[in-house]
>>> print(open('work07.txt').read())   # compact mmCIF, C-alpha atoms
# COMPACT_ATOMS: atom_id res chain seq x y z
CA MET A 110 -11.98 8.50 -22.74
CA HIS A 111 -11.08 8.66 -26.42
CA GLN A 112 -13.24 6.29 -28.47
CA SER A 113 -10.18 4.82 -30.19
CA PHE A 114 -9.04 3.26 -26.91
CA LEU A 115 -12.02 0.90 -26.77
CA SER A 116 -10.28 -1.67 -28.94
CA LEU A 117 -6.70 -2.88 -29.24
CA LYS A 118 -5.04 -5.03 -31.84
CA GLN A 119 -3.90 -8.56 -31.04
CA SER A 120 -0.14 -8.55 -30.69
CA THR A 121 2.60 -10.77 -29.36
CA LEU A 122 4.59 -10.09 -26.22
CA THR A 123 7.76 -12.14 -26.35
CA HIS A 124 9.65 -13.75 -23.49
CA LEU A 125 10.48 -11.23 -20.79
CA ASN A 126 14.11 -10.36 -21.55
CA MET A 127 15.41 -6.89 -20.75
CA THR A 128 19.12 -7.68 -21.01
CA SER A 129 19.84 -5.96 -24.32
CA TYR A 130 17.80 -2.92 -23.34
CA SER A 131 19.43 -2.54 -19.92
CA GLU A 132 22.90 -2.97 -21.43
CA SER A 133 22.39 -0.11 -23.87
CA SER A 134 24.45 2.96 -22.96
CA ALA A 135 21.61 5.30 -23.98
CA ILE A 136 19.93 7.15 -21.11
CA ASN A 137 16.42 6.46 -19.93
CA ASN A 138 14.10 8.66 -17.88
CA SER A 139 15.58 7.42 -14.60
CA ALA A 140 19.00 8.73 -15.64
CA PHE A 141 17.75 12.29 -15.21
CA ASN A 142 17.78 11.68 -11.46
CA TYR A 143 21.58 11.81 -11.70
CA LEU A 144 21.24 15.37 -12.99
CA ASP A 145 18.38 16.56 -10.78
CA LEU A 146 19.69 18.39 -7.70
CA SER A 147 16.45 17.74 -5.82
CA LYS A 148 17.05 13.98 -6.24
CA GLY A 149 20.63 14.12 -5.03
CA GLY A 150 22.04 14.48 -8.53
CA SER A 151 24.39 16.99 -10.11
CA PRO A 152 25.90 17.78 -13.50
CA GLN A 153 29.02 15.86 -12.49
CA ARG A 154 27.07 12.74 -11.52
CA PHE A 155 25.17 12.90 -14.80
CA LYS A 156 28.44 13.22 -16.70
CA ASP A 157 29.85 10.27 -14.77
CA TYR A 158 26.78 8.26 -15.75
CA LEU A 159 27.16 9.16 -19.43
CA ASP A 160 30.86 8.28 -19.24
CA GLY A 161 30.00 4.83 -17.88
CA LYS A 162 31.44 5.45 -14.42
CA ILE A 163 28.08 4.85 -12.74
CA LYS A 164 26.21 1.65 -13.51
CA SER A 165 22.47 1.58 -13.10
CA ASP A 166 20.33 -1.53 -13.43
CA ASP A 167 16.65 -0.62 -13.54
CA THR A 168 15.52 -4.12 -14.49
CA LYS A 169 14.18 -4.85 -11.00
CA TYR A 170 11.86 -1.84 -11.24
CA TYR A 171 10.42 -2.94 -14.57
CA ARG A 172 10.12 -6.67 -13.87
CA GLU A 173 6.93 -6.70 -11.80
CA GLY A 174 4.93 -4.48 -14.14
CA SER A 175 6.21 -6.37 -17.17
CA LEU A 176 5.20 -9.68 -15.61
CA VAL A 177 1.65 -8.41 -15.02
CA HIS A 178 1.60 -7.24 -18.62
CA LEU A 179 2.77 -10.66 -19.78
CA ALA A 180 0.07 -12.34 -17.67
CA LEU A 181 -2.55 -10.19 -19.39
CA LEU A 182 -1.42 -11.04 -22.91
CA GLU A 183 0.33 -14.41 -22.84
CA ALA A 184 -0.18 -16.02 -19.44
CA HIS A 185 0.89 -19.43 -20.80
CA LYS A 186 4.46 -18.14 -20.94
CA LEU A 187 4.57 -17.76 -17.17
CA VAL A 188 6.05 -20.90 -15.65
CA VAL A 189 6.25 -21.76 -11.95
CA ALA A 190 9.60 -23.10 -10.80
CA ASP A 191 9.24 -26.79 -10.00
CA ILE A 192 12.68 -27.58 -8.58
CA ILE A 193 14.29 -27.26 -5.18
CA ARG A 194 17.24 -24.91 -5.37
CA PRO A 195 20.54 -26.70 -4.54
CA ILE A 196 22.88 -25.47 -1.83
CA ASP A 197 24.75 -22.23 -2.57
CA SER A 198 28.08 -23.92 -3.29
CA ILE A 199 26.48 -25.97 -6.08
CA THR A 200 24.43 -23.12 -7.56
CA GLY A 201 27.54 -20.94 -7.58
CA VAL A 202 29.41 -23.47 -9.69
CA VAL A 203 26.47 -24.17 -12.01
CA ASP A 204 25.77 -20.46 -12.46
CA ASP A 205 29.37 -19.95 -13.59
CA VAL A 206 29.16 -22.91 -15.97
CA PHE A 207 25.91 -21.68 -17.48
CA GLU A 208 27.24 -18.15 -17.95
CA SER A 209 30.36 -19.50 -19.65
CA VAL A 210 28.30 -21.73 -21.93
CA MET A 211 25.92 -18.94 -22.91
CA GLN A 212 28.80 -16.60 -23.75
CA ALA A 213 30.27 -19.22 -26.07
CA THR A 214 26.94 -20.23 -27.66
CA ASP A 215 25.34 -18.43 -30.59
CA GLU A 216 21.62 -18.29 -31.35
CA PHE A 217 21.85 -21.26 -33.71
CA THR A 218 23.46 -23.65 -31.23
CA GLU A 219 21.41 -25.63 -28.74
CA VAL A 220 22.65 -25.74 -25.17
CA GLY A 221 23.27 -29.30 -24.01
CA GLU A 222 23.11 -30.94 -20.59
CA LEU A 223 25.37 -30.13 -17.66
CA ALA A 224 27.39 -33.34 -18.22
CA ASP A 225 28.40 -32.03 -21.66
CA TYR A 226 30.51 -29.27 -20.12
CA GLU A 227 33.06 -31.07 -17.96
CA GLN A 228 35.85 -28.60 -18.75
CA GLU A 229 33.67 -25.63 -17.81
CA ILE A 230 32.67 -27.39 -14.57
CA ASN A 231 36.31 -27.98 -13.64
CA THR A 232 37.12 -24.31 -14.27
CA ALA A 233 34.13 -23.16 -12.23
CA MET A 234 34.99 -25.48 -9.33
CA THR A 235 38.51 -24.05 -9.28
CA ASN A 236 37.27 -20.45 -9.41
CA LYS A 237 34.75 -21.10 -6.63
CA ALA A 238 37.20 -23.18 -4.57
CA TYR A 239 34.56 -25.90 -4.38
CA GLN A 240 35.54 -28.74 -2.00
CA THR A 241 39.25 -28.42 -2.80
CA ASN A 242 40.14 -31.25 -0.41
CA TRP A 243 38.14 -33.77 -2.46
CA LEU A 244 39.36 -35.75 -5.44
CA LEU A 245 38.56 -34.11 -8.77
CA ALA A 246 36.34 -37.01 -9.86
CA THR A 247 34.38 -36.82 -6.60
CA ARG A 248 33.84 -33.08 -6.93
CA LEU A 249 32.70 -33.46 -10.53
CA ALA A 250 30.28 -36.27 -9.67
CA LYS A 251 28.72 -34.25 -6.84
CA VAL A 252 28.17 -31.18 -9.05
CA LEU A 253 26.56 -33.33 -11.74
CA GLU A 254 24.35 -35.11 -9.21
CA LEU A 255 23.10 -32.02 -7.40
CA GLY A 256 23.29 -29.47 -10.19
CA LYS A 257 21.84 -31.14 -13.30
CA GLU A 258 18.21 -30.17 -12.61
CA TYR A 259 19.23 -26.63 -11.71
CA PHE A 260 21.12 -26.38 -15.03
CA LYS A 261 17.94 -27.46 -16.86
CA PHE A 262 16.06 -24.80 -14.93
CA LEU A 263 18.50 -22.11 -16.09
CA LYS A 264 18.02 -23.28 -19.68
CA ARG A 265 14.28 -22.89 -19.34
CA CYS A 266 14.73 -19.34 -18.10
CA THR A 267 16.22 -18.37 -21.47
CA THR A 268 13.00 -19.21 -23.31
CA GLU A 269 10.35 -18.87 -20.60
CA THR A 270 9.66 -16.54 -17.70
CA VAL A 271 10.03 -18.71 -14.62
CA LEU A 272 8.55 -17.50 -11.33
CA THR A 273 8.44 -18.62 -7.75
CA THR A 274 5.06 -19.82 -6.47
CA LYS A 275 4.66 -16.59 -4.49
CA GLU A 276 5.50 -14.42 -7.51
CA TYR A 277 3.10 -16.36 -9.69
CA ALA A 278 0.17 -15.89 -7.29
CA LEU A 279 0.89 -12.15 -6.99
CA ILE A 280 1.13 -11.61 -10.75
CA LEU A 281 -2.09 -13.51 -11.47
CA ALA A 282 -3.97 -11.52 -8.81
CA CYS A 283 -2.78 -8.22 -10.29
CA ALA A 284 -3.67 -9.30 -13.82
CA ALA A 285 -7.14 -10.44 -12.74
CA SER A 286 -7.74 -7.03 -11.17
CA VAL A 287 -6.83 -5.22 -14.39
CA ARG A 288 -9.19 -7.43 -16.39
CA VAL A 289 -12.23 -6.49 -14.33
CA ASP A 290 -11.68 -2.73 -14.17
CA ARG A 291 -13.81 -1.27 -16.95
CA PHE A 292 -11.36 1.49 -17.86
CA ALA A 293 -8.06 -0.32 -17.33
CA LYS A 294 -9.03 -3.32 -19.44
CA LYS A 295 -9.80 -1.09 -22.43
CA LEU A 296 -6.29 0.31 -22.22
CA MET A 297 -4.45 -2.93 -21.49
CA LEU A 298 -6.25 -5.85 -23.15
CA ASP A 299 -6.07 -6.95 -26.78
CA SER A 300 -9.47 -8.63 -26.85
CA GLU A 301 -11.56 -5.61 -27.92
CA LEU A 302 -9.51 -4.31 -30.78
CA GLY A 303 -11.30 -2.27 -33.41
CA LYS A 304 -10.57 -1.54 -37.02
CA GLY A 305 -7.58 0.67 -37.71
CA MET A 306 -6.08 0.21 -34.24
CA GLU A 307 -2.76 -1.30 -33.24
CA ALA A 308 -1.13 -1.86 -29.85
CA LEU A 309 2.63 -2.21 -29.43
CA ASN A 310 3.67 -3.92 -26.20
CA GLU A 311 6.95 -3.50 -24.31
CA GLN A 312 8.06 -1.27 -27.18
CA GLU A 313 11.74 -0.33 -27.06
CA ILE A 314 12.51 3.03 -28.65
CA TYR A 315 15.95 4.54 -29.23
CA PHE A 316 16.15 8.23 -30.10
CA ASN A 317 18.22 11.38 -29.60
CA ILE A 318 17.60 14.56 -27.63
CA SER A 319 19.49 17.57 -28.95
CA LEU A 320 21.03 20.11 -26.60
CA PRO A 321 21.15 23.83 -27.47
CA SER A 322 24.82 23.30 -28.31
CA GLU A 323 23.71 20.84 -31.04
CA ILE A 324 25.15 17.94 -29.06
CA LYS A 325 22.87 14.92 -29.28
CA ILE A 326 22.32 12.69 -26.26
CA PRO A 327 21.27 9.10 -27.12
CA CYS A 328 18.13 8.10 -25.24
CA LYS A 329 16.04 4.98 -24.79
CA ALA A 330 12.55 4.25 -23.52
CA LYS A 331 10.59 1.06 -23.01
CA LEU A 332 6.87 1.71 -23.27
CA ASP A 333 4.48 -0.77 -21.69
CA ARG A 334 1.82 0.05 -24.23
CA LEU A 335 1.76 2.28 -27.29
CA LEU A 336 -1.70 2.61 -28.84
CA LEU A 337 -1.89 3.61 -32.48
CA ASN A 338 -4.92 4.83 -34.38
CA HIS A 339 -3.78 4.62 -37.99
CA ALA A 340 -7.02 6.06 -39.33
CA ARG A 341 -6.68 9.24 -37.28
CA LYS A 342 -2.86 9.13 -37.21
CA THR A 343 -2.70 9.46 -33.43
CA PHE A 344 -0.87 7.64 -30.66
CA ALA A 345 -1.39 7.25 -26.92
CA VAL A 346 1.04 6.15 -24.23
CA VAL A 347 -0.04 3.77 -21.46
CA ASP A 348 2.17 2.93 -18.49
CA LEU A 349 1.37 0.05 -16.13
CA LYS A 350 2.48 0.33 -12.51
CA THR A 351 2.17 -1.88 -9.46
CA THR A 352 2.12 -0.29 -6.03
CA GLY A 353 2.45 -1.42 -2.45
CA LYS A 354 0.28 1.54 -1.42
CA SER A 355 -3.37 2.31 -2.02
CA VAL A 356 -4.15 3.23 -5.63
CA LEU A 357 -5.81 6.33 -4.20
CA ASP A 358 -2.35 7.55 -3.16
CA PHE A 359 -1.08 7.51 -6.74
CA PRO A 360 -1.76 11.22 -7.44
CA LYS A 361 0.66 12.04 -4.62
CA SER A 362 3.24 9.53 -5.88
CA PHE A 363 2.82 10.94 -9.39
CA PHE A 364 4.51 14.21 -8.48
CA GLU A 365 6.76 12.79 -5.77
CA TYR A 366 8.47 10.45 -8.25
CA ASP A 367 8.35 12.80 -11.27
CA TYR A 368 6.00 10.60 -13.27
CA ASP A 369 5.03 13.72 -15.22
CA ARG A 370 8.60 13.80 -16.49
CA GLN A 371 8.50 10.07 -17.21
CA ILE A 372 5.31 10.16 -19.26
CA ALA A 373 6.54 13.25 -21.14
CA PHE A 374 9.77 11.40 -21.93
CA TYR A 375 7.76 8.43 -23.20
CA ALA A 376 5.59 10.70 -25.34
CA LYS A 377 8.73 12.26 -26.80
CA ALA A 378 10.08 8.79 -27.57
CA ALA A 379 6.83 7.74 -29.25
CA LYS A 380 6.81 10.90 -31.33
CA SER A 381 10.30 10.06 -32.59
CA LEU A 382 9.01 6.67 -33.73
CA TYR A 383 5.85 8.10 -35.33
CA PRO A 384 6.74 11.69 -36.29
CA ASP A 385 3.64 12.09 -38.49
CA TYR A 386 1.27 11.08 -35.68
CA SER A 387 -0.07 13.37 -32.95
CA LEU A 388 -0.44 12.58 -29.26
CA SER A 389 -4.03 11.76 -28.28
CA GLY A 390 -3.48 10.90 -24.62
CA CYS A 391 -1.26 9.58 -21.83
CA TYR A 392 -2.50 7.12 -19.22
CA PHE A 393 -1.36 5.24 -16.14
CA VAL A 394 -2.91 1.94 -15.10
CA VAL A 395 -2.09 1.35 -11.44
CA VAL A 396 -2.77 -1.90 -9.58
CA GLU A 397 -2.29 -2.70 -5.91
CA LYS A 398 -0.07 -5.71 -5.21
CA GLN A 399 -1.57 -6.43 -1.82
CA GLY A 400 -4.85 -6.15 0.07
CA GLU A 401 -7.79 -5.80 -2.31
CA PHE A 402 -5.62 -5.64 -5.46
CA ARG A 403 -7.64 -2.69 -6.73
CA THR A 404 -6.91 -1.19 -10.16
CA ARG A 405 -7.44 2.38 -11.28
CA ALA A 406 -6.78 4.16 -14.57
CA PHE A 407 -5.45 7.73 -14.55
CA THR A 408 -5.23 10.21 -17.41
CA VAL A 409 -2.61 12.96 -17.74
CA ASP A 410 -3.63 16.28 -19.27
CA ARG A 411 -1.53 18.23 -21.76
CA LYS A 412 -0.60 20.92 -19.24
CA THR A 413 0.95 18.31 -16.98
CA ILE A 414 2.75 16.66 -19.89
CA LYS A 415 4.18 20.05 -20.85
CA HIS A 416 5.30 20.50 -17.25
CA GLY A 417 7.16 17.20 -17.53
CA LEU A 418 8.80 18.32 -20.77
CA ASP A 419 9.82 21.58 -19.10
CA LYS A 420 11.55 19.56 -16.38
CA ILE A 421 13.54 17.65 -18.99
CA ASN A 422 14.46 20.81 -20.90
CA LYS A 423 15.51 22.61 -17.72
CA LEU A 424 17.75 19.74 -16.64
CA LEU A 425 19.35 19.48 -20.06
CA ALA A 426 19.84 23.26 -20.22
CA THR A 427 21.85 23.01 -17.00
CA TYR A 428 23.93 20.22 -18.48
CA ALA A 429 24.46 22.19 -21.70
CA THR A 430 25.74 25.14 -19.65
CA CYS A 431 28.18 22.85 -17.88
CA LEU A 432 29.40 21.54 -21.23
CA SER A 433 29.97 25.05 -22.54
CA THR A 434 31.83 26.23 -19.42
CA GLY A 435 33.67 22.99 -18.77
CA SER A 436 32.61 23.13 -15.11
CA PHE A 437 30.84 20.12 -13.63
CA VAL A 438 30.85 21.01 -9.93
CA TYR A 439 28.83 18.68 -7.72
CA GLU A 440 26.68 21.47 -6.33
CA PRO A 441 26.56 24.51 -8.62
CA GLY A 442 26.86 27.77 -6.73
CA TYR A 443 28.02 26.22 -3.45
CA ASP A 444 31.40 27.95 -3.40
CA ASP A 445 29.83 31.39 -3.93
CA PHE A 446 29.37 31.59 -0.16
CA TYR A 447 31.70 30.85 2.72
CA VAL A 448 28.86 29.23 4.65
CA ILE A 449 25.18 28.67 4.02
CA ASP A 450 23.18 31.13 6.11
CA LEU A 451 19.89 29.61 7.27
CA SER A 452 18.39 32.86 8.56
CA MET A 453 14.99 33.89 7.22
CA ASP A 454 16.33 37.37 6.36
CA ARG A 455 18.94 36.01 3.99
CA GLU A 456 16.51 33.67 2.26
CA THR A 457 13.91 36.40 1.82
CA ALA A 458 16.48 38.87 0.51
CA LEU A 459 17.84 36.49 -2.10
CA GLN A 460 14.38 35.44 -3.23
CA GLU A 461 13.42 39.10 -3.71
CA MET A 462 16.51 39.40 -5.91
CA GLY A 463 15.24 36.46 -7.95
CA ILE A 464 18.04 34.21 -6.71
CA ASP A 465 17.56 30.68 -5.41
CA PRO A 466 19.20 30.85 -1.95
CA TYR A 467 20.60 27.32 -2.09
CA ARG A 468 20.71 26.07 -5.66
CA GLN A 469 21.64 29.06 -7.80
CA PHE A 470 24.26 28.43 -10.49
CA TYR A 471 26.03 31.76 -11.02
CA MET A 472 27.44 32.36 -14.48
CA GLY A 473 30.28 34.75 -15.29
CA ARG A 474 32.25 36.41 -12.49
CA LYS A 475 31.39 35.00 -9.07
CA GLN A 476 30.06 37.33 -6.44
CA THR A 477 32.18 37.72 -3.36
CA HIS A 478 30.65 37.15 0.04
CA LYS A 479 30.93 40.90 0.72
CA GLU A 480 29.10 41.84 -2.49
CA GLU A 481 26.33 39.38 -1.73
CA LYS A 482 25.90 40.83 1.77
CA GLU A 483 25.78 44.37 0.38
CA LYS A 484 22.95 43.38 -1.97
CA GLN A 485 21.03 41.92 0.95
CA ILE A 486 21.31 45.23 2.85
CA LYS A 487 20.08 47.22 -0.14
>>> encode(input="work07.txt", output="structure tokens")
Amino acid sequence: MHQSFLSLKQSTLTHLNMTSYSESSAINNSAFNYLDLSKGGSPQRFKDYLDGKIKSDDTKYYREGSLVHLALLEAHKLVVADIIRPIDSITGVVDDVFESVMQATDEFTEVGELADYEQEINTAMTNKAYQTNWLLATRLAKVLELGKEYFKFLKRCTTETVLTTKEYALILACAASVRVDRFAKKLMLDSELGKGMEALNEQEIYFNISLPSEIKIPCKAKLDRLLLNHARKTFAVVDLKTTGKSVLDFPKSFFEYDYDRQIAFYAKAAKSLYPDYSLSGCYFVVVEKQGEFRTRAFTVDRKTIKHGLDKINKLLATYATCLSTGSFVYEPGYDDFYVIDLSMDRETALQEMGIDPYRQFYMGRKQTHKEEKEKQIK
């Protein structure tokens, strides 16, 4: 392990809030799945995503890892919920009231108590058709009685990360495991920081990737940990993952879920933020969220990172071709054949011709079925 990773600078991880990041229209690594044919994607689906026709909320995938990260750095900001959730009809009304209040409140205005928003409550009760056979005063009194503590709870969630008891126990167990692993703790903890080192946590980066056609695609990445060695002018990327499987299965998951592409994308993002710095390493810290809660640290070599970059470039080259031709068919090459022949002879023949039997995107004049058969015979 690189010596510079033995110490990390003390830094502050703010309240877990991924709203602004998730609302950004820039694409993240996960968006490439909409373009990757092997993941059920296509150029058309990717275009639909860029055009805002497909909404993707990845917050749920980031939350667990981010909570473990928060527990490692600022555990005091994790708060266990201490209220009993009201019945759904009440929470529905209060949720609407709170959303309305937050939309109308700027950062300099303090949110009041539920009783301060009688007009918003009346509107929410109407929208939710809450107890429409009751008198208005009775309905209002019931919402205030049963919903006031829940409203306070929602207010707390804007400044603190509030967890259920079960979530809290899980997160603390994962964080404790990271702290005792001799390699993981050097990558994830701020307590052993050395001179000239800095660690950026939950770092949001916005950058552009240019296509061959000079079109720029806006991108975004949220790095769990970006380690900077200012003396050597190097950076390293660290990604924290929780898993329901054994940590020993991670090498298999690494390629199954294209984590090589993910870490390459993160490295590209970091390079855009620090163009004068060179990459010194990429790491994954993986912790089990059940059983023994084991933690393991994994390093990614440069050959694998390059392989991830090649995946990105190949996907974007396909998209650039679609832009230049104006064709965004859902499965490129499908209509080159009347039917898909599953015989071994056909597959072997096409492969010998250097043609992917099922996923080839033919450019220029399309081959007719007869021409394709004649080539097989030859």
>>> residues_around(input="work07.txt", residues="Val356 in chain A", least_positions_apart="5", cutoff="12 Å", atoms="all atoms listed in the file", output="number ranges by chain")
A: 350-351, 361-363, 393-407
>>> closest_residue(input="work07.txt", among="A:Ser387, A:Pro195, A:Ala330, A:Glu313", to="Ala345 in chain A", atoms="all atoms listed in the file")
A:Ser387
>>> residues_around(input="work07.txt", residues="range 314-328 of chain A", least_positions_apart="2", cutoff="9 Å", atoms="all atoms listed in the file", output="JSON, numbers by chain")
{"A": [134, 135, 136, 137, 138, 312, 330, 331, 332, 378, 379, 381, 382, 422, 425, 426, 428, 429, 430, 432, 433]}
>>> closest_residue(input="work07.txt", among="A:Asn338, A:Gln240, A:Ser133, A:Asn142", to="Tyr366 in chain A", atoms="all atoms listed in the file")
A:Asn142
>>> atom_distance(input="work07.txt", atom1="CA of Thr200 in chain A", atom2="CA of Asn236 in chain A")
13.2 Å
>>> closest_residue(input="work07.txt", among="A:Leu181, A:Leu146, A:Leu337, A:Ile199", to="Met297 in chain A", atoms="all atoms listed in the file")
A:Leu181
>>> atom_distance(input="work07.txt", atom1="CA of Leu298 in chain A", atom2="CA of Leu182 in chain A")
7.1 Å
>>> atom_distance(input="work07.txt", atom1="CA of Ser286 in chain A", atom2="CA of Ser175 in chain A")
15.2 Å
>>> closest_residue(input="work07.txt", among="A:Leu179, A:Val287, A:Val438, A:Ile421", to="Ala140 in chain A", atoms="only C-alpha atoms")
A:Ile421
>>> closest_residue(input="work07.txt", among="A:Arg411, A:Lys148, A:Lys423, A:Arg154", to="Asp367 in chain A", atoms="only C-alpha atoms")
A:Lys148
>>> closest_residue(input="work07.txt", among="A:Arg370, A:Lys420, A:Lys304, A:Lys342", to="Tyr386 in chain A", atoms="all atoms listed in the file")
A:Lys342
>>> residues_around(input="work07.txt", residues="Thr343 in chain A", least_positions_apart="3", cutoff="12 Å", atoms="all atoms listed in the file", output="PyMOL selection string")
chain A and resi 111+113-114+305-308+335-340+346+376+379-380+383-391
>>> write_last_selection(input="work07.txt", atoms="C-alpha atoms", output="compact mmCIF listing (two decimals), in the coordinates of the input")
# COMPACT_ATOMS: atom_id res chain seq x y z
CA HIS A 111 -11.08 8.66 -26.42
CA SER A 113 -10.18 4.82 -30.19
CA PHE A 114 -9.04 3.26 -26.91
CA GLY A 305 -7.58 0.67 -37.71
CA MET A 306 -6.08 0.21 -34.24
CA GLU A 307 -2.76 -1.30 -33.24
CA ALA A 308 -1.13 -1.86 -29.85
CA LEU A 335 1.76 2.28 -27.29
CA LEU A 336 -1.70 2.61 -28.84
CA LEU A 337 -1.89 3.61 -32.48
CA ASN A 338 -4.92 4.83 -34.38
CA HIS A 339 -3.78 4.62 -37.99
CA ALA A 340 -7.02 6.06 -39.33
CA VAL A 346 1.04 6.15 -24.23
CA ALA A 376 5.59 10.70 -25.34
CA ALA A 379 6.83 7.74 -29.25
CA LYS A 380 6.81 10.90 -31.33
CA TYR A 383 5.85 8.10 -35.33
CA PRO A 384 6.74 11.69 -36.29
CA ASP A 385 3.64 12.09 -38.49
CA TYR A 386 1.27 11.08 -35.68
CA SER A 387 -0.07 13.37 -32.95
CA LEU A 388 -0.44 12.58 -29.26
CA SER A 389 -4.03 11.76 -28.28
CA GLY A 390 -3.48 10.90 -24.62
CA CYS A 391 -1.26 9.58 -21.83
